$ cat coords.txt   # compact mmCIF, N, CA and C atoms and all ligand atoms
# COMPACT_ATOMS: atom_id res chain seq x y z
N MET O 1 181.63 0.16 -150.11
CA MET O 1 182.74 0.41 -149.16
C MET O 1 182.94 1.92 -149.02
N ARG O 2 182.98 2.40 -147.80
CA ARG O 2 183.21 3.81 -147.56
C ARG O 2 184.69 4.06 -147.32
N LYS O 3 185.26 4.91 -148.14
CA LYS O 3 186.68 5.24 -147.98
C LYS O 3 186.82 6.61 -147.35
N ALA O 4 187.82 6.75 -146.49
CA ALA O 4 188.10 8.07 -145.95
C ALA O 4 188.74 8.89 -147.07
N THR O 5 188.29 10.14 -147.23
CA THR O 5 188.83 10.98 -148.30
C THR O 5 190.20 11.55 -147.90
N PRO O 6 191.02 11.94 -148.89
CA PRO O 6 192.33 12.53 -148.53
C PRO O 6 192.16 13.76 -147.64
N GLY O 7 191.08 14.51 -147.84
CA GLY O 7 190.81 15.69 -147.01
C GLY O 7 190.60 15.29 -145.56
N GLN O 8 189.83 14.22 -145.35
CA GLN O 8 189.57 13.74 -143.99
C GLN O 8 190.86 13.22 -143.35
N MET O 9 191.66 12.53 -144.19
CA MET O 9 192.92 11.98 -143.69
C MET O 9 193.84 13.10 -143.20
N LYS O 10 193.75 14.25 -143.89
CA LYS O 10 194.60 15.37 -143.55
C LYS O 10 194.09 16.07 -142.29
N ARG O 11 192.76 16.18 -142.20
CA ARG O 11 192.17 16.86 -141.05
C ARG O 11 192.28 16.03 -139.78
N TYR O 12 192.19 14.72 -139.94
CA TYR O 12 192.28 13.84 -138.79
C TYR O 12 193.45 12.89 -138.99
N PRO O 13 194.64 13.29 -138.54
CA PRO O 13 195.84 12.47 -138.79
C PRO O 13 195.70 11.05 -138.24
N GLU O 14 194.82 10.86 -137.26
CA GLU O 14 194.61 9.53 -136.69
C GLU O 14 194.16 8.54 -137.76
N LEU O 15 193.44 9.03 -138.76
CA LEU O 15 192.91 8.15 -139.81
C LEU O 15 194.03 7.45 -140.58
N GLN O 16 195.18 8.11 -140.65
CA GLN O 16 196.30 7.54 -141.40
C GLN O 16 196.89 6.32 -140.70
N ARG O 17 196.56 6.17 -139.43
CA ARG O 17 197.13 5.05 -138.69
C ARG O 17 196.34 3.75 -138.91
N PHE O 18 195.16 3.87 -139.47
CA PHE O 18 194.37 2.66 -139.73
C PHE O 18 194.99 1.90 -140.91
N ASP O 19 194.61 0.63 -141.03
CA ASP O 19 195.22 -0.23 -142.05
C ASP O 19 195.09 0.33 -143.46
N SER O 20 193.92 0.89 -143.78
CA SER O 20 193.67 1.37 -145.14
C SER O 20 192.63 2.48 -145.09
N PRO O 21 192.51 3.27 -146.18
CA PRO O 21 191.45 4.30 -146.20
C PRO O 21 190.06 3.68 -146.05
N GLU O 22 189.90 2.43 -146.52
CA GLU O 22 188.61 1.74 -146.38
C GLU O 22 188.32 1.49 -144.90
N ASP O 23 189.34 1.02 -144.22
CA ASP O 23 189.22 0.74 -142.80
C ASP O 23 188.88 2.02 -142.04
N ALA O 24 189.60 3.10 -142.36
CA ALA O 24 189.37 4.39 -141.73
C ALA O 24 187.96 4.89 -142.03
N GLY O 25 187.51 4.66 -143.27
CA GLY O 25 186.17 5.07 -143.67
C GLY O 25 185.10 4.34 -142.88
N GLN O 26 185.32 3.06 -142.63
CA GLN O 26 184.37 2.28 -141.84
C GLN O 26 184.25 2.84 -140.43
N VAL O 27 185.39 3.21 -139.86
CA VAL O 27 185.40 3.75 -138.50
C VAL O 27 184.67 5.10 -138.47
N LEU O 28 184.92 5.93 -139.49
CA LEU O 28 184.24 7.23 -139.58
C LEU O 28 182.73 7.04 -139.69
N TYR O 29 182.35 6.05 -140.48
CA TYR O 29 180.94 5.78 -140.68
C TYR O 29 180.30 5.31 -139.37
N ALA O 30 181.03 4.44 -138.65
CA ALA O 30 180.53 3.95 -137.37
C ALA O 30 180.33 5.12 -136.40
N TRP O 31 181.24 6.07 -136.46
CA TRP O 31 181.16 7.26 -135.61
C TRP O 31 179.89 8.07 -135.94
N GLN O 32 179.68 8.30 -137.22
CA GLN O 32 178.51 9.09 -137.64
C GLN O 32 177.21 8.41 -137.22
N ARG O 33 177.17 7.09 -137.42
CA ARG O 33 175.97 6.34 -137.05
C ARG O 33 175.75 6.43 -135.55
N ARG O 34 176.85 6.35 -134.80
CA ARG O 34 176.78 6.40 -133.36
C ARG O 34 176.26 7.76 -132.89
N GLN O 35 176.68 8.83 -133.58
CA GLN O 35 176.25 10.18 -133.21
C GLN O 35 174.74 10.32 -133.28
N MET O 36 174.17 9.74 -134.34
CA MET O 36 172.73 9.86 -134.55
C MET O 36 171.94 9.18 -133.44
N LYS O 37 172.58 8.18 -132.85
CA LYS O 37 171.89 7.41 -131.81
C LYS O 37 172.16 7.98 -130.43
N THR O 38 173.11 8.91 -130.35
CA THR O 38 173.49 9.43 -129.05
C THR O 38 172.59 10.59 -128.65
N LEU O 39 172.07 10.50 -127.44
CA LEU O 39 171.21 11.56 -126.93
C LEU O 39 172.00 12.87 -126.83
N GLY O 40 173.24 12.76 -126.41
CA GLY O 40 174.07 13.96 -126.23
C GLY O 40 174.17 14.79 -127.50
N PHE O 41 174.21 14.12 -128.64
CA PHE O 41 174.31 14.81 -129.91
C PHE O 41 173.09 15.70 -130.14
N TRP O 42 171.91 15.11 -129.92
CA TRP O 42 170.66 15.86 -130.14
C TRP O 42 170.48 16.93 -129.08
N VAL O 43 170.86 16.59 -127.84
CA VAL O 43 170.77 17.59 -126.77
C VAL O 43 171.70 18.76 -127.11
N GLY O 44 172.89 18.44 -127.61
CA GLY O 44 173.85 19.47 -127.99
C GLY O 44 173.32 20.35 -129.11
N LEU O 45 172.73 19.71 -130.09
CA LEU O 45 172.19 20.44 -131.24
C LEU O 45 171.05 21.35 -130.79
N PHE O 46 170.20 20.79 -129.94
CA PHE O 46 169.07 21.56 -129.42
C PHE O 46 169.59 22.69 -128.54
N GLY O 47 170.56 22.35 -127.68
CA GLY O 47 171.14 23.34 -126.78
C GLY O 47 171.77 24.49 -127.54
N PHE O 48 172.43 24.16 -128.64
CA PHE O 48 173.07 25.17 -129.47
C PHE O 48 172.02 26.12 -130.05
N THR O 49 170.95 25.53 -130.61
CA THR O 49 169.88 26.33 -131.19
C THR O 49 169.24 27.22 -130.12
N ALA O 50 168.95 26.60 -128.96
CA ALA O 50 168.34 27.35 -127.87
C ALA O 50 169.30 28.44 -127.39
N GLY O 51 170.61 28.10 -127.34
CA GLY O 51 171.62 29.06 -126.90
C GLY O 51 171.66 30.28 -127.79
N VAL O 52 171.60 30.05 -129.09
CA VAL O 52 171.61 31.16 -130.05
C VAL O 52 170.36 32.01 -129.83
N GLY O 53 169.23 31.35 -129.67
CA GLY O 53 167.97 32.07 -129.46
C GLY O 53 167.99 32.91 -128.19
N ILE O 54 168.44 32.29 -127.09
CA ILE O 54 168.45 32.99 -125.81
C ILE O 54 169.44 34.15 -125.84
N SER O 55 170.65 33.89 -126.38
CA SER O 55 171.64 34.98 -126.46
C SER O 55 171.08 36.13 -127.28
N THR O 56 170.42 35.79 -128.38
CA THR O 56 169.85 36.83 -129.23
C THR O 56 168.85 37.66 -128.44
N ALA O 57 167.97 36.96 -127.71
CA ALA O 57 166.94 37.67 -126.94
C ALA O 57 167.59 38.56 -125.88
N VAL O 58 168.59 38.02 -125.18
CA VAL O 58 169.24 38.79 -124.11
C VAL O 58 169.93 40.02 -124.68
N ILE O 59 170.70 39.81 -125.76
CA ILE O 59 171.42 40.94 -126.36
C ILE O 59 170.41 41.98 -126.88
N LEU O 60 169.36 41.44 -127.45
CA LEU O 60 168.32 42.31 -128.01
C LEU O 60 167.73 43.21 -126.94
N ILE O 61 167.35 42.59 -125.81
CA ILE O 61 166.73 43.35 -124.73
C ILE O 61 167.72 44.36 -124.15
N ALA O 62 168.98 43.92 -124.01
CA ALA O 62 169.98 44.77 -123.37
C ALA O 62 170.40 45.94 -124.24
N VAL O 63 170.49 45.71 -125.53
CA VAL O 63 171.12 46.71 -126.40
C VAL O 63 170.12 47.55 -127.19
N GLN O 64 168.94 47.00 -127.38
CA GLN O 64 168.03 47.68 -128.31
C GLN O 64 167.72 49.14 -128.03
N PRO O 65 167.57 49.51 -126.74
CA PRO O 65 167.24 50.92 -126.51
C PRO O 65 168.27 51.90 -127.10
N TRP O 66 169.51 51.44 -127.30
CA TRP O 66 170.54 52.35 -127.80
C TRP O 66 170.74 52.28 -129.32
N ILE O 67 170.17 51.26 -129.91
CA ILE O 67 170.39 51.11 -131.35
C ILE O 67 169.09 51.35 -132.10
N HIS O 68 169.15 52.23 -133.05
CA HIS O 68 167.93 52.58 -133.77
C HIS O 68 167.82 51.81 -135.07
N LEU O 69 167.45 50.55 -134.91
CA LEU O 69 167.23 49.67 -136.06
C LEU O 69 165.87 49.01 -135.86
N PRO O 70 165.19 48.67 -136.95
CA PRO O 70 163.94 47.94 -136.76
C PRO O 70 164.22 46.63 -136.01
N GLY O 71 163.36 46.26 -135.07
CA GLY O 71 163.56 45.09 -134.22
C GLY O 71 163.91 43.82 -134.96
N SER O 72 163.15 43.50 -136.01
CA SER O 72 163.35 42.24 -136.72
C SER O 72 164.71 42.19 -137.40
N MET O 73 165.11 43.32 -137.96
CA MET O 73 166.39 43.40 -138.64
C MET O 73 167.52 43.22 -137.64
N PHE O 74 167.37 43.88 -136.49
CA PHE O 74 168.35 43.80 -135.44
C PHE O 74 168.48 42.37 -134.92
N ALA O 75 167.32 41.71 -134.73
CA ALA O 75 167.31 40.32 -134.26
C ALA O 75 168.05 39.43 -135.24
N GLY O 76 167.86 39.69 -136.51
CA GLY O 76 168.54 38.91 -137.54
C GLY O 76 170.05 39.05 -137.45
N VAL O 77 170.48 40.30 -137.27
CA VAL O 77 171.93 40.57 -137.18
C VAL O 77 172.51 39.89 -135.95
N VAL O 78 171.84 40.06 -134.81
CA VAL O 78 172.36 39.49 -133.56
C VAL O 78 172.40 37.96 -133.61
N SER O 79 171.34 37.33 -134.11
CA SER O 79 171.36 35.86 -134.16
C SER O 79 172.43 35.36 -135.14
N GLY O 80 172.64 36.13 -136.21
CA GLY O 80 173.70 35.77 -137.15
C GLY O 80 175.07 35.79 -136.49
N VAL O 81 175.29 36.85 -135.71
CA VAL O 81 176.58 36.99 -135.02
C VAL O 81 176.75 35.89 -133.98
N THR O 82 175.70 35.60 -133.21
CA THR O 82 175.79 34.56 -132.16
C THR O 82 176.06 33.20 -132.78
N ALA O 83 175.33 32.89 -133.84
CA ALA O 83 175.53 31.60 -134.51
C ALA O 83 176.94 31.55 -135.11
N GLY O 84 177.38 32.67 -135.66
CA GLY O 84 178.71 32.75 -136.26
C GLY O 84 179.81 32.49 -135.25
N ALA O 85 179.56 32.91 -134.01
CA ALA O 85 180.55 32.67 -132.96
C ALA O 85 180.42 31.25 -132.44
N GLY O 86 179.20 30.72 -132.45
CA GLY O 86 178.95 29.40 -131.88
C GLY O 86 179.40 28.26 -132.78
N VAL O 87 179.28 28.43 -134.08
CA VAL O 87 179.61 27.34 -135.00
C VAL O 87 181.07 26.89 -134.90
N PRO O 88 182.05 27.83 -134.91
CA PRO O 88 183.43 27.36 -134.76
C PRO O 88 183.66 26.62 -133.46
N GLY O 89 182.98 27.07 -132.40
CA GLY O 89 183.09 26.40 -131.10
C GLY O 89 182.56 24.98 -131.19
N LEU O 90 181.41 24.85 -131.83
CA LEU O 90 180.76 23.56 -131.99
C LEU O 90 181.62 22.64 -132.87
N ALA O 91 182.19 23.21 -133.92
CA ALA O 91 183.03 22.45 -134.84
C ALA O 91 184.28 21.94 -134.11
N TRP O 92 184.83 22.79 -133.25
CA TRP O 92 186.01 22.40 -132.50
C TRP O 92 185.67 21.24 -131.57
N PHE O 93 184.54 21.37 -130.90
CA PHE O 93 184.09 20.35 -129.96
C PHE O 93 183.87 19.02 -130.68
N TRP O 94 183.25 19.08 -131.84
CA TRP O 94 182.97 17.92 -132.67
C TRP O 94 184.26 17.22 -133.08
N ARG O 95 185.20 18.00 -133.58
CA ARG O 95 186.48 17.51 -134.04
C ARG O 95 187.25 16.85 -132.89
N HIS O 96 187.21 17.49 -131.73
CA HIS O 96 187.88 17.01 -130.55
C HIS O 96 187.33 15.63 -130.15
N ARG O 97 186.01 15.50 -130.17
CA ARG O 97 185.38 14.24 -129.79
C ARG O 97 185.66 13.14 -130.80
N LEU O 98 185.63 13.50 -132.07
CA LEU O 98 185.89 12.51 -133.12
C LEU O 98 187.33 12.00 -133.02
N ARG O 99 188.26 12.92 -132.81
CA ARG O 99 189.67 12.50 -132.73
C ARG O 99 189.88 11.56 -131.55
N ARG O 100 189.22 11.85 -130.43
CA ARG O 100 189.34 10.99 -129.27
C ARG O 100 188.77 9.60 -129.57
N PHE O 101 187.65 9.60 -130.27
CA PHE O 101 187.03 8.33 -130.66
C PHE O 101 187.98 7.54 -131.57
N LEU O 102 188.60 8.22 -132.53
CA LEU O 102 189.52 7.55 -133.45
C LEU O 102 190.71 6.95 -132.70
N ARG O 103 191.22 7.71 -131.72
CA ARG O 103 192.36 7.21 -130.94
C ARG O 103 191.97 5.98 -130.14
N LEU O 104 190.75 6.02 -129.58
CA LEU O 104 190.26 4.87 -128.82
C LEU O 104 190.17 3.64 -129.72
N GLN O 105 189.70 3.85 -130.96
CA GLN O 105 189.58 2.74 -131.90
C GLN O 105 190.95 2.17 -132.24
N LEU O 106 191.95 3.06 -132.37
CA LEU O 106 193.31 2.62 -132.68
C LEU O 106 193.87 1.80 -131.52
N VAL O 107 193.64 2.31 -130.30
CA VAL O 107 194.14 1.61 -129.12
C VAL O 107 193.48 0.23 -129.01
N LYS O 108 192.19 0.17 -129.32
CA LYS O 108 191.48 -1.11 -129.29
C LYS O 108 192.07 -2.10 -130.28
N ARG O 109 192.63 -1.59 -131.37
CA ARG O 109 193.25 -2.46 -132.36
C ARG O 109 194.71 -2.73 -132.04
N GLY O 110 195.13 -2.26 -130.87
CA GLY O 110 196.50 -2.53 -130.43
C GLY O 110 197.53 -1.57 -131.00
N ILE O 111 197.08 -0.44 -131.58
CA ILE O 111 198.02 0.56 -132.10
C ILE O 111 198.25 1.59 -130.99
N PRO O 112 199.49 1.67 -130.49
CA PRO O 112 199.72 2.57 -129.36
C PRO O 112 199.72 4.04 -129.78
N ILE O 113 198.76 4.78 -129.26
CA ILE O 113 198.64 6.21 -129.57
C ILE O 113 198.11 6.89 -128.32
N CYS O 114 198.62 8.09 -128.04
CA CYS O 114 198.18 8.80 -126.84
C CYS O 114 196.73 9.26 -127.03
N LEU O 115 195.87 8.90 -126.06
CA LEU O 115 194.45 9.27 -126.17
C LEU O 115 194.27 10.77 -126.07
N LYS O 116 195.17 11.42 -125.35
CA LYS O 116 194.99 12.85 -125.13
C LYS O 116 195.52 13.69 -126.30
N CYS O 117 196.75 13.40 -126.77
CA CYS O 117 197.32 14.29 -127.78
C CYS O 117 197.57 13.60 -129.12
N GLY O 118 197.38 12.28 -129.20
CA GLY O 118 197.54 11.59 -130.48
C GLY O 118 198.99 11.24 -130.81
N TYR O 119 199.87 11.38 -129.84
CA TYR O 119 201.28 11.08 -130.08
C TYR O 119 201.47 9.58 -130.31
N ASP O 120 202.35 9.27 -131.25
CA ASP O 120 202.66 7.87 -131.57
C ASP O 120 203.52 7.29 -130.44
N LEU O 121 202.98 6.28 -129.76
CA LEU O 121 203.66 5.77 -128.57
C LEU O 121 204.53 4.54 -128.83
N ARG O 122 204.72 4.21 -130.10
CA ARG O 122 205.56 3.05 -130.39
C ARG O 122 206.98 3.30 -129.91
N GLY O 123 207.57 2.29 -129.34
CA GLY O 123 208.96 2.39 -128.92
C GLY O 123 209.17 3.05 -127.57
N GLN O 124 208.08 3.41 -126.89
CA GLN O 124 208.22 4.01 -125.56
C GLN O 124 208.53 2.92 -124.54
N THR O 125 209.33 3.27 -123.54
CA THR O 125 209.63 2.29 -122.51
C THR O 125 208.85 2.59 -121.23
N GLU O 126 208.51 3.86 -121.03
CA GLU O 126 207.72 4.26 -119.87
C GLU O 126 206.27 4.39 -120.28
N PRO O 127 205.34 3.90 -119.42
CA PRO O 127 203.92 4.03 -119.80
C PRO O 127 203.39 5.45 -119.56
N ARG O 128 204.05 6.43 -120.17
CA ARG O 128 203.65 7.83 -120.03
C ARG O 128 203.97 8.53 -121.33
N CYS O 129 203.04 9.33 -121.82
CA CYS O 129 203.25 10.00 -123.10
C CYS O 129 204.37 11.03 -122.99
N PRO O 130 205.40 10.94 -123.84
CA PRO O 130 206.51 11.90 -123.75
C PRO O 130 206.09 13.30 -124.21
N GLU O 131 204.97 13.38 -124.94
CA GLU O 131 204.53 14.65 -125.50
C GLU O 131 203.72 15.45 -124.46
N CYS O 132 202.76 14.80 -123.82
CA CYS O 132 201.87 15.54 -122.92
C CYS O 132 201.88 15.00 -121.49
N GLY O 133 202.58 13.89 -121.26
CA GLY O 133 202.70 13.38 -119.89
C GLY O 133 201.54 12.52 -119.40
N THR O 134 200.60 12.22 -120.29
CA THR O 134 199.46 11.41 -119.88
C THR O 134 199.88 9.95 -119.73
N PRO O 135 199.59 9.34 -118.57
CA PRO O 135 199.92 7.93 -118.42
C PRO O 135 199.01 7.06 -119.29
N PHE O 136 199.52 5.94 -119.75
CA PHE O 136 198.69 5.03 -120.52
C PHE O 136 198.94 3.60 -120.09
N ASP O 137 198.11 2.70 -120.54
CA ASP O 137 198.19 1.30 -120.21
C ASP O 137 199.48 0.70 -120.78
N ALA O 138 200.31 0.17 -119.90
CA ALA O 138 201.61 -0.36 -120.33
C ALA O 138 201.46 -1.51 -121.33
N LYS O 139 200.31 -2.17 -121.31
CA LYS O 139 200.06 -3.30 -122.23
C LYS O 139 200.16 -2.86 -123.68
N LEU O 140 199.90 -1.56 -123.92
CA LEU O 140 199.93 -1.03 -125.28
C LEU O 140 201.30 -1.13 -125.91
N ILE O 141 202.32 -0.92 -125.09
CA ILE O 141 203.68 -0.95 -125.66
C ILE O 141 204.34 -2.30 -125.46
N HIS O 142 203.71 -3.17 -124.67
CA HIS O 142 204.23 -4.53 -124.50
C HIS O 142 203.12 -5.53 -124.78
N PRO O 143 202.64 -5.53 -126.01
CA PRO O 143 201.45 -6.35 -126.30
C PRO O 143 201.71 -7.85 -126.17
N THR O 144 202.98 -8.26 -126.18
CA THR O 144 203.26 -9.68 -126.13
C THR O 144 203.32 -10.22 -124.71
N GLU O 145 203.46 -9.30 -123.75
CA GLU O 145 203.53 -9.74 -122.36
C GLU O 145 202.22 -10.37 -121.91
N PRO O 146 202.30 -11.47 -121.15
CA PRO O 146 201.07 -12.10 -120.70
C PRO O 146 200.31 -11.18 -119.75
N GLU O 147 199.00 -11.20 -119.84
CA GLU O 147 198.19 -10.33 -119.00
C GLU O 147 198.11 -10.89 -117.59
N THR O 148 198.28 -10.01 -116.63
CA THR O 148 198.12 -10.43 -115.24
C THR O 148 196.75 -9.98 -114.77
N VAL O 149 196.01 -10.93 -114.21
CA VAL O 149 194.64 -10.60 -113.79
C VAL O 149 194.61 -10.35 -112.29
ZN ZN S 201 200.06 12.64 -125.20

$ encode --input "coords.txt" --output "structure tokens"
Amino acid sequence: MRKATPGQMKRYPELQRFDSPEDAGQVLYAWQRRQMKTLGFWVGLFGFTAGVGISTAVILIAVQPWIHLPGSMFAGVVSGVTAGAGVPGLAWFWRHRLRRFLRLQLVKRGIPICLKCGYDLRGQTEPRCPECGTPFDAKLIHPTEPETV
């Protein structure tokens, strides 16, 4: 059984809304497995690597005439800086996508949560998030009402 760690629970508050840390862990695991199968993940990873390489080359060509450092050393410094700037961006993007996935899973289980900002929608009377204004499916807050097709 995979349990969500307290650290993960803290980083992703959505995890606390699941029935148990085991339940949250299963969802996290499903997410990770899904990432490996998603083309976008590999394209993103490849794109990131290529992006670092291309930025390095461009900066290298543009700046090198003014900087008197051996080429290889300079390339190392520039790629380090580019990757250093890219990783937080990538981490943010990753976190953003995971949180959205977690919210979707919660909504699927009938737990009302705003898909955009994660606001707890229990007790709302209007099908609109009071925090960010995003409209949501009214069925979420009235789960007992019969569905109209
Ligand atoms: Zn919201």

$ residues_near_ligand --input "coords.txt" --ligand "ligand ZN 201 (chain S)" --cutoff "5 Å" --atoms "only N, CA and C atoms and all ligand atoms" --output "ChimeraX atom specification"
/O:114,116-119,129,131-134

$ atom_distance --input "coords.txt" --atom1 "atom CA of Gly86 of chain O" --atom2 "atom CA of Leu98 of chain O"
18.3 Å

$ residues_around --input "coords.txt" --residues "Asp137 of chain O" --least-positions-apart "3" --cutoff "6.5 Å" --atoms "all atoms listed in the file" --output "list in words"
Pro127, Leu140 and Ile141 of chain O

$ atom_distance --input "coords.txt" --atom1 "atom N of Gly80 of chain O" --atom2 "atom CA of Val52 of chain O"
8.0 Å

$ select_by_dssp --input "coords.txt" --residues "chain O" --states "helix (DSSP H, G or I)" --output "PyMOL selection string"
chain O and resi 6-11+13-17+21-37+39-66+71-108+138-140

$ atom_distance --input "coords.txt" --atom1 "atom N of Pro135 of chain O" --atom2 "atom CA of Arg99 of chain O"
17.6 Å

$ closest_residue --input "coords.txt" --among "O:Ala75, O:Ala138, O:Ala4, O:Ala50" --to "Leu28 of chain O" --atoms "all atoms listed in the file"
O:Ala4

$ select_by_dssp --input "coords.txt" --residues "segment 7-149 of chain O" --states "strand (DSSP E or B)" --output "list of chain:residue names"
O:Ile113, O:Asp120, O:Arg128, O:Pro135
